[in-house]
>>> print(open('protein_14.txt').read())   # compact mmCIF, C-alpha atoms
# COMPACT_ATOMS: atom_id res chain seq x y z
CA MET A 1 1.64 82.36 -23.21
CA ASN A 2 -0.06 78.98 -23.70
CA THR A 3 -1.41 77.36 -20.54
CA THR A 4 -3.01 74.06 -19.64
CA ARG A 5 -6.48 73.69 -18.15
CA SER A 6 -4.77 73.52 -14.76
CA GLY A 7 -3.40 77.03 -15.31
CA ARG A 8 0.22 75.90 -15.66
CA PRO A 9 2.33 76.95 -18.64
CA ALA A 10 1.92 74.32 -21.36
CA LEU A 11 4.72 71.76 -21.64
CA THR A 12 5.16 69.98 -24.97
CA ARG A 13 7.72 67.88 -26.78
CA PRO A 14 10.37 69.92 -28.67
CA ASP A 15 8.41 69.42 -31.91
CA GLY A 16 5.29 70.92 -30.31
CA THR A 17 3.36 67.63 -30.00
CA PRO A 18 1.93 66.45 -26.63
CA VAL A 19 4.25 64.91 -24.06
CA ARG A 20 3.77 61.12 -23.91
CA VAL A 21 3.55 59.41 -20.51
CA LEU A 22 3.09 55.76 -19.58
CA VAL A 23 1.55 55.10 -16.14
CA VAL A 24 2.31 51.64 -14.73
CA ASP A 25 0.41 50.64 -11.58
CA ASP A 26 -1.74 47.62 -10.73
CA ASP A 27 -4.20 49.75 -8.72
CA PRO A 28 -6.82 50.74 -11.35
CA ASP A 29 -8.21 53.59 -9.26
CA LEU A 30 -4.79 55.13 -8.71
CA ALA A 31 -3.87 54.68 -12.38
CA GLU A 32 -7.09 56.41 -13.41
CA VAL A 33 -6.54 59.35 -11.06
CA LEU A 34 -2.93 59.78 -12.19
CA SER A 35 -3.87 59.52 -15.86
CA GLY A 36 -6.58 62.12 -15.42
CA ALA A 37 -4.16 64.57 -13.79
CA LEU A 38 -1.62 64.10 -16.62
CA ARG A 39 -4.23 64.43 -19.36
CA TYR A 40 -5.28 67.65 -17.64
CA GLU A 41 -1.79 68.88 -18.58
CA GLY A 42 -2.61 68.20 -22.23
CA TRP A 43 -0.37 65.12 -22.35
CA GLU A 44 -0.96 61.82 -24.14
CA VAL A 45 -1.27 59.06 -21.53
CA ARG A 46 -1.40 55.28 -21.64
CA THR A 47 -1.73 52.92 -18.66
CA ALA A 48 -0.49 49.43 -17.85
CA ALA A 49 -1.23 47.19 -14.87
CA ASP A 50 1.84 44.93 -14.93
CA GLY A 51 5.34 44.61 -16.32
CA ALA A 52 4.40 42.70 -19.46
CA SER A 53 1.72 45.18 -20.55
CA ALA A 54 4.06 48.05 -19.66
CA LEU A 55 6.55 46.88 -22.28
CA VAL A 56 3.77 46.47 -24.86
CA GLY A 57 2.57 49.98 -24.07
CA ALA A 58 6.09 51.41 -24.24
CA ARG A 59 6.69 49.95 -27.70
CA ALA A 60 3.40 51.41 -28.94
CA LEU A 61 3.58 54.83 -27.25
CA ARG A 62 7.35 55.48 -27.22
CA PRO A 63 6.87 57.51 -24.01
CA ASP A 64 8.92 60.49 -22.95
CA ALA A 65 8.32 59.59 -19.30
CA VAL A 66 7.09 56.62 -17.28
CA VAL A 67 5.41 56.72 -13.86
CA LEU A 68 6.36 53.29 -12.54
CA ASP A 69 5.18 51.47 -9.41
CA VAL A 70 7.97 49.50 -7.75
CA MET A 71 5.68 46.61 -6.76
CA LEU A 72 3.89 44.93 -9.67
CA PRO A 73 2.01 41.61 -9.78
CA ASP A 74 4.33 39.87 -12.26
CA THR A 75 7.71 41.50 -11.50
CA ASP A 76 9.24 44.55 -9.85
CA GLY A 77 9.63 48.04 -11.25
CA PHE A 78 13.41 47.77 -11.38
CA ALA A 79 13.24 44.85 -13.82
CA VAL A 80 10.66 46.71 -15.91
CA LEU A 81 12.94 49.75 -16.01
CA ARG A 82 15.81 47.73 -17.44
CA SER A 83 13.54 46.47 -20.22
CA LEU A 84 12.13 49.97 -20.82
CA HIS A 85 15.63 51.30 -21.40
CA GLU A 86 16.08 48.70 -24.12
CA VAL A 87 12.95 50.04 -25.82
CA LYS A 88 13.75 53.74 -25.28
CA PRO A 89 17.11 54.44 -23.61
CA ASP A 90 16.42 58.13 -22.87
CA VAL A 91 13.00 57.70 -21.21
CA CYS A 92 12.53 59.55 -17.90
CA VAL A 93 11.32 57.34 -15.05
CA LEU A 94 9.54 58.44 -11.87
CA PHE A 95 9.19 55.59 -9.38
CA LEU A 96 6.16 55.23 -7.12
CA THR A 97 6.97 53.42 -3.89
CA ALA A 98 5.24 52.69 -0.61
CA ARG A 99 8.65 52.48 1.05
CA ASP A 100 10.86 55.42 1.95
CA THR A 101 14.19 53.98 3.07
CA VAL A 102 17.70 54.86 2.01
CA GLU A 103 18.12 51.33 0.60
CA ASP A 104 15.04 51.73 -1.63
CA ARG A 105 16.23 55.11 -2.91
CA ILE A 106 19.67 53.68 -3.72
CA ALA A 107 18.07 50.70 -5.49
CA GLY A 108 15.94 53.02 -7.62
CA ILE A 109 18.83 55.26 -8.61
CA THR A 110 21.12 52.29 -9.27
CA ALA A 111 18.48 50.77 -11.53
CA GLY A 112 18.45 53.97 -13.57
CA GLY A 113 15.43 55.76 -12.14
CA ASP A 114 15.42 59.56 -12.31
CA ASP A 115 13.25 60.34 -9.29
CA TYR A 116 10.76 58.77 -6.91
CA VAL A 117 7.61 59.68 -4.97
CA THR A 118 6.44 57.92 -1.83
CA LYS A 119 2.81 56.84 -1.45
CA PRO A 120 0.50 58.44 -0.49
CA PHE A 121 1.41 61.45 -2.59
CA SER A 122 0.03 64.69 -3.93
CA LEU A 123 -0.99 64.71 -7.60
CA GLU A 124 0.51 68.20 -7.80
CA GLU A 125 3.85 66.78 -6.68
CA VAL A 126 3.83 64.01 -9.31
CA VAL A 127 3.04 66.49 -12.09
CA ALA A 128 5.70 68.92 -10.86
CA ARG A 129 8.34 66.16 -10.64
CA LEU A 130 7.54 64.96 -14.16
CA ARG A 131 7.67 68.47 -15.59
CA GLY A 132 11.06 69.00 -13.96
CA LEU A 133 12.45 65.68 -15.23
CA LEU A 134 11.28 66.32 -18.79
CA ARG A 135 12.70 69.84 -18.90
CA ARG A 136 16.06 68.80 -17.47
CA ALA A 137 16.30 65.91 -19.92
CA GLY A 138 15.61 68.29 -22.83
CA MET A 139 12.64 66.16 -23.85
CA ALA A 140 10.08 68.93 -23.42
CA ARG A 141 9.88 72.68 -23.62
CA GLN A 142 7.78 75.12 -21.66
CA GLN A 143 5.74 77.52 -23.72
CA GLU A 144 6.31 80.62 -21.64
CA GLU A 145 8.80 83.37 -20.98
CA GLY A 146 9.38 82.45 -17.35
CA PRO A 147 8.03 80.18 -14.57
CA ARG A 148 6.36 83.06 -12.72
CA MET A 149 2.76 83.61 -11.62
CA THR A 150 1.50 87.00 -10.55
CA VAL A 151 -1.72 87.93 -8.74
CA GLY A 152 -1.75 91.59 -7.75
CA ASP A 153 1.50 92.27 -5.87
CA LEU A 154 1.94 88.57 -5.07
CA VAL A 155 4.55 86.82 -7.24
CA MET A 156 5.53 83.14 -7.28
CA ASP A 157 8.61 81.75 -9.03
CA GLU A 158 7.78 78.05 -9.33
CA GLU A 159 11.26 76.85 -10.31
CA ALA A 160 13.07 78.83 -7.61
CA ARG A 161 10.18 78.08 -5.22
CA GLU A 162 10.19 81.69 -4.06
CA VAL A 163 7.24 83.91 -3.20
CA THR A 164 7.25 87.67 -2.76
CA ARG A 165 4.54 90.14 -1.79
CA ALA A 166 5.19 93.76 -2.75
CA GLY A 167 8.82 92.75 -3.25
CA ASP A 168 9.20 91.21 0.24
CA LEU A 169 10.20 87.55 0.44
CA VAL A 170 7.54 85.27 1.96
CA GLU A 171 9.00 82.13 3.56
CA LEU A 172 6.68 79.12 3.10
CA SER A 173 6.77 75.46 4.04
CA PRO A 174 6.39 72.93 1.17
CA THR A 175 2.69 72.39 1.95
CA GLU A 176 2.03 76.13 2.25
CA PHE A 177 3.76 76.64 -1.09
CA GLU A 178 1.58 74.01 -2.80
CA LEU A 179 -1.57 75.48 -1.29
CA LEU A 180 -0.68 79.00 -2.40
CA ARG A 181 0.23 77.72 -5.86
CA PHE A 182 -3.22 76.16 -6.23
CA LEU A 183 -4.88 79.40 -5.11
CA MET A 184 -2.73 81.47 -7.49
CA ARG A 185 -3.56 79.24 -10.42
CA ASN A 186 -7.23 79.93 -9.75
CA PRO A 187 -7.42 83.65 -8.89
CA ARG A 188 -10.88 85.05 -8.11
CA ARG A 189 -12.26 81.50 -8.18
CA VAL A 190 -13.87 80.11 -5.02
CA LEU A 191 -12.24 76.77 -4.16
CA SER A 192 -13.99 74.38 -1.82
CA LYS A 193 -12.20 72.54 0.98
CA ALA A 194 -12.79 69.28 -0.91
CA GLN A 195 -11.11 70.66 -4.05
CA ILE A 196 -8.15 71.89 -2.02
CA LEU A 197 -7.77 68.55 -0.22
CA ASP A 198 -7.86 66.72 -3.55
CA ARG A 199 -5.29 68.92 -5.30
CA VAL A 200 -2.87 69.81 -2.49
CA TRP A 201 -2.92 66.66 -0.38
CA SER A 202 -2.82 63.05 -1.56
CA TYR A 203 -5.66 61.61 -3.63
CA ASP A 204 -6.68 59.31 -0.76
CA PHE A 205 -5.95 61.75 2.06
CA GLY A 206 -7.81 60.59 5.14
CA GLY A 207 -7.85 63.86 7.04
CA GLN A 208 -10.70 66.26 7.64
CA ALA A 209 -11.45 69.70 6.29
CA HIS A 210 -9.92 71.30 9.39
CA VAL A 211 -6.44 70.74 7.93
CA VAL A 212 -7.37 73.14 5.11
CA GLU A 213 -8.57 75.73 7.63
CA LEU A 214 -5.30 75.33 9.54
CA TYR A 215 -3.08 75.86 6.49
CA ILE A 216 -5.18 78.74 5.22
CA SER A 217 -4.57 80.42 8.59
CA TYR A 218 -0.84 79.77 8.23
CA LEU A 219 -0.86 81.34 4.77
CA ARG A 220 -2.78 84.38 5.94
CA LYS A 221 -0.22 85.04 8.67
CA LYS A 222 2.56 85.04 6.09
CA VAL A 223 0.96 86.46 2.93
CA ASP A 224 -1.53 88.92 4.41
CA ALA A 225 0.25 89.90 7.64
CA GLY A 226 0.34 93.69 7.93
CA ARG A 227 -1.14 94.11 4.44
CA ALA A 228 -4.54 94.35 2.80
CA PRO A 229 -5.86 90.76 2.73
CA MET A 230 -5.82 88.70 -0.48
CA ILE A 231 -7.07 85.39 0.93
CA HIS A 232 -10.80 85.50 1.65
CA THR A 233 -13.30 83.05 3.16
CA VAL A 234 -16.59 82.61 1.34
CA ARG A 235 -18.85 81.25 4.05
CA GLY A 236 -20.26 77.84 3.20
CA ALA A 237 -18.33 77.68 -0.08
CA GLY A 238 -14.58 77.81 0.46
CA TYR A 239 -11.70 80.22 -0.13
CA VAL A 240 -10.66 82.64 -2.85
CA LEU A 241 -7.48 84.56 -3.65
CA LYS A 242 -8.08 88.03 -5.04
CA PRO A 243 -5.74 90.92 -5.81
CA VAL A 244 -6.27 93.98 -3.65
CA ALA A 245 -8.53 96.46 -5.41
>>> encode(input="protein_14.txt", output="structure tokens")
Amino acid sequence: MNTTRSGRPALTRPDGTPVRVLVVDDDPDLAEVLSGALRYEGWEVRTAADGASALVGARALRPDAVVLDVMLPDTDGFAVLRSLHEVKPDVCVLFLTARDTVEDRIAGITAGGDDYVTKPFSLEEVVARLRGLLRRAGMARQQEEGPRMTVGDLVMDEEAREVTRAGDLVELSPTEFELLRFLMRNPRRVLSKAQILDRVWSYDFGGQAHVVELYISYLRKKVDAGRAPMIHTVRGAGYVLKPVA
């Protein structure tokens, strides 16, 4: 099975070449962080800071997917989307928006968007949404036999979003699921609180490390309850997930 540096099964275009993604956002720091996360997947990424440069980039890259901010300095994302569809009608579009109202969702879907994420967001969520859009659109294929991760007797089905331990279903909240997924992608590796905050919560998350401690305790109660522990604290360093010896 081929995997990315993030530990996820590799996702490529049907011809085996890297997935192409255009990131359109006028915040250079956010665009850089997003691009880095997507390149970490092994994808080819190009950025644009406004609507005009987005169309130039789309003609050059011929992207499979576009991460598109709704608010741009020269126009709005909905107008850009209409022009993008003229360049590449089958492109998948994930909107980024600071607003989370029913009207905004309807506007995005009506304009032809495939999905949306509200700021601030988790980089893991953006990558997962893009992978799902690309697979459903038939524009990418996953180089694996199944979307399952296994560490000891702990099994995660990423597509079904189900977790079992020794065959017993473990019910997790969305945040608990993302935290466990990050731990399972890095078995036996000590992860610091800063790394966990960066990967599981939003890139500009303003909280403190205690939120990690809190969710680790939640996970322990569900994953390790009544069983030999898999989640361990490394004092002064962070946390590690290890199969039971």
>>> residues_near_point(input="protein_14.txt", point="(8.0, 60.1, -26.4)", cutoff="8 Å", atoms="all atoms listed in the file", output="list of chain:residue names")
A:Arg13, A:Val19, A:Arg20, A:Val21, A:Leu61, A:Arg62, A:Pro63, A:Asp64, A:Ala65, A:Val91
>>> write_last_selection(input="protein_14.txt", atoms="C-alpha atoms", output="PDB file, in the frame of the given file")
ATOM      1  CA  ARG A  13       7.720  67.880 -26.780  1.00  0.00           C
ATOM      2  CA  VAL A  19       4.250  64.910 -24.060  1.00  0.00           C
ATOM      3  CA  ARG A  20       3.770  61.120 -23.910  1.00  0.00           C
ATOM      4  CA  VAL A  21       3.550  59.410 -20.510  1.00  0.00           C
ATOM      5  CA  LEU A  61       3.580  54.830 -27.250  1.00  0.00           C
ATOM      6  CA  ARG A  62       7.350  55.480 -27.220  1.00  0.00           C
ATOM      7  CA  PRO A  63       6.870  57.510 -24.010  1.00  0.00           C
ATOM      8  CA  ASP A  64       8.920  60.490 -22.950  1.00  0.00           C
ATOM      9  CA  ALA A  65       8.320  59.590 -19.300  1.00  0.00           C
ATOM     10  CA  VAL A  91      13.000  57.700 -21.210  1.00  0.00           C
TER      11      VAL A  91
END
>>> closest_residue(input="protein_14.txt", among="A:Leu214, A:Gly51, A:Leu30, A:Trp43", to="Thr17 of chain A", atoms="all atoms listed in the file")
A:Trp43
>>> atom_distance(input="protein_14.txt", atom1="atom CA of Leu179 of chain A", atom2="atom CA of Val200 of chain A")
5.9 Å
>>> closest_atom_pairs(input="protein_14.txt", of="segment 112-193 of chain A", to="segment 66-78 of chain A", cutoff="10 Å", atoms="all atoms listed in the file", output="tab-separated table")
residue	atom	partner	partner_atom	distance
A:Gly112	CA	A:Phe78	CA	8.3
A:Gly113	CA	A:Phe78	CA	8.3
A:Asp115	CA	A:Val67	CA	9.8
A:Tyr116	CA	A:Leu68	CA	9.0
A:Val117	CA	A:Val67	CA	9.6
A:Lys119	CA	A:Asp69	CA	9.9
A:Val126	CA	A:Val67	CA	8.7
A:Leu130	CA	A:Val67	CA	8.5
>>> atom_distance(input="protein_14.txt", atom1="atom CA of Lys88 of chain A", atom2="atom CA of Ala58 of chain A")
8.1 Å
>>> build_atoms(input="protein_14.txt", residues="segment 217-228 of chain A", atoms="N, CA, C and O atoms", output="tab-separated table (two decimals), in the coordinates of the input")
chain	number	residue	atom	x	y	z
A	217	SER	N	-4.96	79.47	7.53
A	217	SER	CA	-4.57	80.42	8.59
A	217	SER	C	-3.07	80.67	8.59
A	217	SER	O	-2.62	81.80	8.79
A	218	TYR	N	-2.29	79.60	8.33
A	218	TYR	CA	-0.84	79.77	8.23
A	218	TYR	C	-0.49	80.73	7.08
A	218	TYR	O	0.35	81.62	7.23
A	219	LEU	N	-1.13	80.50	5.94
A	219	LEU	CA	-0.86	81.34	4.77
A	219	LEU	C	-1.21	82.80	5.04
A	219	LEU	O	-0.47	83.71	4.66
A	220	ARG	N	-2.35	83.01	5.66
A	220	ARG	CA	-2.78	84.38	5.94
A	220	ARG	C	-1.75	85.12	6.81
A	220	ARG	O	-1.48	86.30	6.59
A	221	LYS	N	-1.20	84.41	7.79
A	221	LYS	CA	-0.22	85.04	8.67
A	221	LYS	C	1.03	85.45	7.92
A	221	LYS	O	1.74	86.37	8.33
A	222	LYS	N	1.34	84.75	6.83
A	222	LYS	CA	2.56	85.04	6.09
A	222	LYS	C	2.33	85.93	4.87
A	222	LYS	O	3.14	86.81	4.57
A	223	VAL	N	1.23	85.71	4.16
A	223	VAL	CA	0.96	86.46	2.93
A	223	VAL	C	0.25	87.78	3.22
A	223	VAL	O	0.56	88.82	2.60
A	224	ASP	N	-0.70	87.74	4.16
A	224	ASP	CA	-1.53	88.92	4.41
A	224	ASP	C	-1.10	89.73	5.63
A	224	ASP	O	-1.66	90.79	5.88
A	225	ALA	N	-0.13	89.23	6.39
A	225	ALA	CA	0.25	89.90	7.64
A	225	ALA	C	0.67	91.35	7.39
A	225	ALA	O	1.58	91.63	6.61
A	226	GLY	N	-0.02	92.28	8.04
A	226	GLY	CA	0.34	93.69	7.93
A	226	GLY	C	-0.01	94.32	6.60
A	226	GLY	O	0.41	95.44	6.30
A	227	ARG	N	-0.78	93.61	5.77
A	227	ARG	CA	-1.14	94.11	4.44
A	227	ARG	C	-2.64	93.95	4.22
A	227	ARG	O	-3.32	93.24	4.97
A	228	ALA	N	-3.14	94.57	3.17
A	228	ALA	CA	-4.54	94.35	2.80
A	228	ALA	C	-4.70	92.88	2.43
A	228	ALA	O	-3.89	92.33	1.68
